[in-house]
>>> print(open('coords-v5.cif').read())   # mmCIF, C-alpha atoms
data_final
#
loop_
_atom_site.label_atom_id
_atom_site.label_comp_id
_atom_site.auth_asym_id
_atom_site.auth_seq_id
_atom_site.Cartn_x
_atom_site.Cartn_y
_atom_site.Cartn_z
CA SER A 1 63.57 259.87 131.95
CA MET A 2 66.37 257.31 132.30
CA ALA A 3 66.67 253.56 132.05
CA SER A 4 69.41 251.45 133.52
CA SER A 5 70.17 249.06 130.67
CA LYS A 6 72.86 248.36 128.12
CA GLN A 7 70.77 249.42 125.15
CA VAL A 8 69.71 252.76 126.59
CA THR A 9 71.99 255.75 127.01
CA ILE A 10 71.36 258.05 129.92
CA THR A 11 70.21 260.88 127.62
CA SER A 12 68.21 258.95 125.02
CA SER A 13 64.72 259.46 126.45
CA LEU A 14 65.43 263.08 127.40
CA ARG A 15 66.57 263.81 123.84
CA ASP A 16 63.48 262.20 122.34
CA SER A 17 61.19 264.00 124.77
CA MET A 18 62.75 267.41 124.02
CA LYS A 19 62.43 266.76 120.28
CA GLN A 20 58.74 266.00 120.63
CA ILE A 21 58.11 269.00 122.90
CA CYS A 22 59.65 271.29 120.31
CA THR A 23 58.10 269.75 117.19
CA ARG A 24 54.77 268.27 118.36
CA PRO A 25 53.88 269.78 121.75
CA HIS A 26 50.19 268.81 121.48
CA ARG A 27 51.14 265.15 121.15
CA TYR A 28 53.49 265.39 124.11
CA LEU A 29 50.70 266.77 126.30
CA MET A 30 48.54 263.78 125.41
CA GLN A 31 51.15 261.19 126.35
CA PRO A 32 50.98 259.26 129.64
CA GLN A 33 54.48 260.54 130.51
CA PHE A 34 53.12 264.08 130.78
CA GLY A 35 50.15 262.88 132.80
CA TYR A 36 52.41 261.17 135.33
CA VAL A 37 54.57 264.28 135.78
CA PHE A 38 51.71 266.81 135.81
CA GLY A 39 49.65 264.81 138.26
CA THR A 40 52.53 264.28 140.66
CA TYR A 41 53.80 267.85 140.76
CA SER A 42 50.44 269.62 140.80
CA SER A 43 49.48 267.48 143.80
CA THR A 44 52.81 268.31 145.43
CA TYR A 45 52.28 272.07 145.02
CA LEU A 46 48.77 271.81 146.51
CA ALA A 47 50.11 269.88 149.52
CA LYS A 48 52.86 272.45 150.12
CA ASN A 49 50.47 275.39 149.75
CA TYR A 50 48.01 273.85 152.18
CA THR A 51 50.69 273.32 154.81
CA ASP A 52 52.19 276.81 154.39
CA THR A 53 48.80 278.50 154.62
CA VAL A 54 47.62 276.58 157.69
CA CYS A 55 50.91 276.92 159.57
CA LYS A 56 51.13 280.64 158.88
CA ALA A 57 47.52 281.19 159.95
CA THR A 58 48.14 279.30 163.21
CA HIS A 59 51.51 281.00 163.85
CA GLN A 60 53.60 277.81 163.95
CA THR A 61 57.34 277.89 164.56
CA ALA A 62 59.85 277.23 161.79
CA GLU A 63 60.51 273.74 163.17
CA ILE A 64 56.84 272.76 163.42
CA THR A 65 56.11 274.15 159.96
CA ALA A 66 59.04 272.23 158.49
CA LEU A 67 57.90 269.04 160.22
CA TYR A 68 54.32 269.25 158.98
CA LYS A 69 55.42 270.30 155.50
CA PHE A 70 57.89 267.46 155.19
CA TRP A 71 55.45 264.74 156.12
CA LEU A 72 52.55 266.01 154.03
CA VAL A 73 54.67 266.70 150.92
CA PHE A 74 56.48 263.39 151.43
CA ALA A 75 53.22 261.48 151.67
CA VAL A 76 51.80 263.08 148.53
CA ASN A 77 54.88 263.37 146.33
CA GLY A 78 56.66 260.29 147.62
CA GLY A 79 53.58 258.12 147.38
CA LEU A 80 52.71 259.24 143.86
CA SER A 81 56.33 259.06 142.68
CA VAL A 82 57.27 255.68 144.11
CA PHE A 83 54.02 253.79 143.54
CA TRP A 84 52.65 255.53 140.42
CA LYS A 85 54.92 257.89 138.44
CA ASP A 86 58.29 256.12 138.55
CA PRO A 87 57.03 252.57 137.87
CA GLY A 88 54.85 253.93 135.07
CA LEU A 89 57.71 255.81 133.44
CA ALA A 90 60.04 252.85 133.87
CA ARG A 91 57.52 250.56 132.13
CA ILE A 92 57.19 253.02 129.25
CA ILE A 93 60.95 253.35 128.83
CA ARG A 94 61.55 249.64 129.04
CA SER A 95 58.85 248.77 126.50
CA LYS A 96 59.88 251.55 124.13
CA TYR A 97 63.65 251.26 124.07
CA VAL A 98 64.69 247.88 125.40
CA GLU A 99 64.30 244.57 123.61
CA ASN A 100 64.92 241.09 124.94
CA MET A 101 64.98 242.20 128.56
CA ALA A 102 64.40 239.86 131.45
CA LYS A 103 60.90 239.47 132.83
CA THR A 104 59.55 241.91 135.39
CA SER A 105 61.54 242.11 138.59
CA GLY A 106 60.50 239.76 141.37
CA PRO A 107 59.22 240.71 144.82
CA VAL A 108 62.71 241.07 146.35
CA SER A 109 63.87 243.45 143.61
CA MET A 110 60.68 245.52 143.86
CA ARG A 111 61.09 245.87 147.62
CA MET A 112 64.63 247.14 147.10
CA THR A 113 63.43 249.47 144.34
CA TYR A 114 60.80 250.99 146.61
CA LEU A 115 63.30 251.28 149.47
CA CYS A 116 65.83 253.11 147.28
CA TRP A 117 63.23 255.44 145.81
CA MET A 118 61.67 256.25 149.18
CA ALA A 119 65.11 257.10 150.56
CA ARG A 120 65.70 259.27 147.49
CA ASP A 121 62.41 261.12 147.97
CA THR A 122 63.00 261.61 151.70
CA VAL A 123 66.28 263.43 151.07
CA HIS A 124 64.99 265.25 148.01
CA ILE A 125 61.80 266.61 149.59
CA PHE A 126 63.64 267.84 152.66
CA GLY A 127 66.34 269.57 150.62
CA ALA A 128 64.22 270.93 147.78
CA SER A 129 60.86 271.73 149.37
CA VAL A 130 61.36 272.12 153.12
CA LEU A 131 64.87 273.49 153.69
CA PRO A 132 64.61 276.76 151.68
CA ASP A 133 61.46 277.83 153.54
CA TYR A 134 62.86 276.66 156.88
CA ILE A 135 66.07 278.70 156.69
CA GLU A 136 64.08 281.71 155.49
CA GLN A 137 61.82 281.58 158.54
CA LYS A 138 64.50 280.50 160.99
CA PHE A 139 67.20 282.99 159.98
CA HIS A 140 64.92 285.78 158.71
CA LEU A 141 66.25 285.76 155.17
CA SER A 142 65.24 288.45 152.72
CA HIS A 143 62.92 287.47 149.93
CA LYS A 144 65.75 287.59 147.40
CA GLN A 145 67.85 285.32 149.61
CA TRP A 146 64.98 282.84 149.78
CA GLN A 147 64.62 282.98 145.99
CA LEU A 148 68.29 282.11 145.61
CA ALA A 149 67.95 279.22 148.04
CA GLN A 150 64.85 277.90 146.27
CA LEU A 151 66.59 278.03 142.91
CA THR A 152 69.78 276.27 144.05
CA PHE A 153 68.85 273.79 146.79
CA PRO A 154 66.82 271.45 144.53
CA LEU A 155 69.83 271.20 142.21
CA MET A 156 72.44 270.58 144.90
CA VAL A 157 70.39 267.86 146.57
CA GLN A 158 70.60 265.80 143.37
CA LEU A 159 74.22 265.06 144.24
CA LEU A 160 72.87 263.03 147.16
CA THR A 161 69.75 261.53 145.61
CA THR A 162 71.16 260.39 142.25
CA PRO A 163 72.86 257.21 143.61
CA MET A 164 69.60 256.17 145.29
CA HIS A 165 67.68 256.80 142.07
CA LEU A 166 70.12 254.79 139.93
CA LEU A 167 70.24 251.91 142.39
CA GLY A 168 66.44 251.73 142.44
CA LEU A 169 66.36 251.63 138.64
CA ASP A 170 68.95 248.87 138.60
CA TYR A 171 66.88 246.75 140.99
CA TYR A 172 63.79 247.45 138.87
CA ASN A 173 65.44 246.38 135.61
CA HIS A 174 67.42 243.41 136.96
CA THR A 175 66.25 240.75 139.39
CA SER A 176 68.15 240.26 142.63
CA SER A 177 69.88 237.16 141.30
CA ASP A 178 71.18 238.93 138.19
CA ARG A 179 74.06 240.74 139.87
CA THR A 180 75.72 241.37 143.22
CA PHE A 181 75.38 244.58 145.18
CA MET A 182 78.94 245.60 144.27
CA GLN A 183 78.15 245.08 140.59
CA ARG A 184 75.15 247.33 140.99
CA MET A 185 77.25 250.00 142.71
CA THR A 186 79.82 249.81 139.91
CA ARG A 187 77.05 250.60 137.45
CA VAL A 188 75.82 253.43 139.67
CA ARG A 189 79.31 254.96 139.81
CA ALA A 190 79.67 254.70 136.04
CA ASP A 191 76.37 256.51 135.44
CA TYR A 192 76.58 258.98 138.34
CA LEU A 193 77.93 262.16 136.74
CA GLY A 194 75.72 262.00 133.67
CA ALA A 195 72.67 261.04 135.70
CA ALA A 196 73.26 263.81 138.26
CA GLY A 197 73.50 266.38 135.49
CA ILE A 198 70.36 265.11 133.78
CA ARG A 199 68.45 265.04 137.08
CA MET A 200 69.50 268.64 137.81
CA ILE A 201 68.10 269.67 134.43
CA ARG A 202 64.90 267.71 135.01
CA MET A 203 64.37 269.00 138.56
CA TRP A 204 65.13 272.64 137.78
CA ALA A 205 61.73 273.34 136.23
CA PRO A 206 59.36 271.68 138.75
CA TRP A 207 61.36 272.14 141.98
CA SER A 208 63.35 275.35 141.46
CA ILE A 209 61.28 277.45 139.06
CA GLY A 210 57.99 275.69 139.79
CA LEU A 211 58.14 276.06 143.56
CA LEU A 212 59.36 279.66 143.24
CA ILE A 213 56.43 280.62 140.98
CA ASN A 214 54.05 278.62 143.15
CA ARG A 215 55.17 280.56 146.24
CA GLU A 216 54.97 283.93 144.47
CA LEU A 217 51.43 283.22 143.27
CA ARG A 218 50.30 282.00 146.69
CA ASP A 219 51.77 285.05 148.43
CA SER A 220 50.20 287.36 145.85
CA LEU A 221 46.77 285.81 146.30
CA ASN A 222 47.14 286.02 150.09
CA GLY A 223 48.28 289.65 149.94
CA ASP A 224 51.64 288.92 151.57
CA GLN A 225 54.27 291.66 151.36
CA HIS A 226 57.92 290.78 150.63
CA HIS A 227 60.89 292.53 152.18
#
>>> encode(input="coords-v5.cif", output="structure tokens")
Amino acid sequence: SMASSKQVTITSSLRDSMKQICTRPHRYLMQPQFGYVFGTYSSTYLAKNYTDTVCKATHQTAEITALYKFWLVFAVNGGLSVFWKDPGLARIIRSKYVENMAKTSGPVSMRMTYLCWMARDTVHIFGASVLPDYIEQKFHLSHKQWQLAQLTFPLMVQLLTTPMHLLGLDYYNHTSSDRTFMQRMTRVRADYLGAAGIRMIRMWAPWSIGLLINRELRDSLNGDQHH
């Protein structure tokens, strides 16, 4: 996870998390950070599986399937991420790494934070969860072509979502009166490359590998044959 503050580098929390996973995995599994992530992504997989199964059983078109899948996954993942996971992780990071910070952001900053994060999740869910399945169904891709799309699309979409994520963090950590919009964008530009790389690493497991394994397991249980 990342914090937008002077005292916190963009890789500090990721480094500490990886160290704990490798040395004390049982303690990592008991932390609230793991609970936030596990709860959000397991609910996301269930929502996607439900939509795929129902739409396939009712013979929906690629467009209708994509539409239903987007809204259901967005409601589940976006709601849990914006209103539960991200604020919870931000509170943990801020209390753990940052001293002498300003008081909690006011209503205006929180509205902007939610707006930025909802925009981020809208783009991310479409690119990472909906688009690979849509192009497979629409253009009759082979299973290996779909696998390649599922592995790469969640990474590429981070190039678009990272600025929204960083801007939301900046509004969360600094009240609206602290800095101008251009000052915020300057900070976003400074952190962009490192943050995009870190987000690609973070998203690879749940959205690339996770959704690929999730699909393979669902198809296996349903007896679907791949070509």
>>> closest_residue(input="coords-v5.cif", among="A:Arg91, A:Arg187, A:Lys56, A:Lys48", to="Val76 in chain A", atoms="all atoms listed in the file")
A:Lys48
>>> atom_distance(input="coords-v5.cif", atom1="CA of Val82 in chain A", atom2="CA of Arg120 in chain A")
9.8 Å
>>> resolve_selection(input="coords-v5.cif", expression="the PyMOL selection byres ((chain A and resi 67) around 12)", output="PyMOL selection string")
chain A and resi 48+51-52+55+60-66+68-74+125-126+129-131+133-134
>>> residues_around(input="coords-v5.cif", residues="Leu166 in chain A", least_positions_apart="4", cutoff="10 Å", atoms="only C-alpha atoms", output="PyMOL selection string")
chain A and resi 2-4+113+116-117+120+161-162+170-172+184-185+187-189+191-192+195-196
>>> atom_distance(input="coords-v5.cif", atom1="CA of Ala205 in chain A", atom2="CA of Gln147 in chain A")
14.0 Å
>>> atom_distance(input="coords-v5.cif", atom1="CA of Arg179 in chain A", atom2="CA of Gly197 in chain A")
26.0 Å
>>> axis_aligned_box(input="coords-v5.cif", around="range 32-46 of chain A", padding_each_side="4 Å", output="AutoDock Vina command-line options")
--center_x 51.7 --center_y 265.7 --center_z 138.1 --size_x 13.8 --size_y 20.8 --size_z 24.9
>>> closest_residue(input="coords-v5.cif", among="A:Gly78, A:Pro25, A:Gly35, A:Pro132", to="Arg215 in chain A", atoms="all atoms listed in the file")
A:Pro132
>>> closest_residue(input="coords-v5.cif", among="A:Gln145, A:Gln33, A:Thr122, A:Thr53", to="Pro87 in chain A", atoms="all atoms listed in the file")
A:Gln33
>>> residues_around(input="coords-v5.cif", residues="Tyr45 in chain A", least_positions_apart="3", cutoff="8 Å", atoms="only C-alpha atoms", output="PyMOL selection string")
chain A and resi 41-42+48-49+211+214
>>> closest_residue(input="coords-v5.cif", among="A:Met200, A:Met110, A:Leu46, A:Leu115", to="Pro154 in chain A", atoms="only C-alpha atoms")
A:Met200
>>> resolve_selection(input="coords-v5.cif", expression="the PyMOL selection byres ((chain A and resi 146) around 10)", output="PyMOL selection string")
chain A and resi 132-137+140-145+147-152+212
>>> resolve_selection(input="coords-v5.cif", expression="the PyMOL selection byres ((chain A and resi 89) around 9)", output="list of chain:residue names")
A:Ser1, A:Met2, A:Pro32, A:Gln33, A:Tyr36, A:Trp84, A:Lys85, A:Asp86, A:Pro87, A:Gly88, A:Ala90, A:Arg91, A:Ile92, A:Ile93, A:Arg94
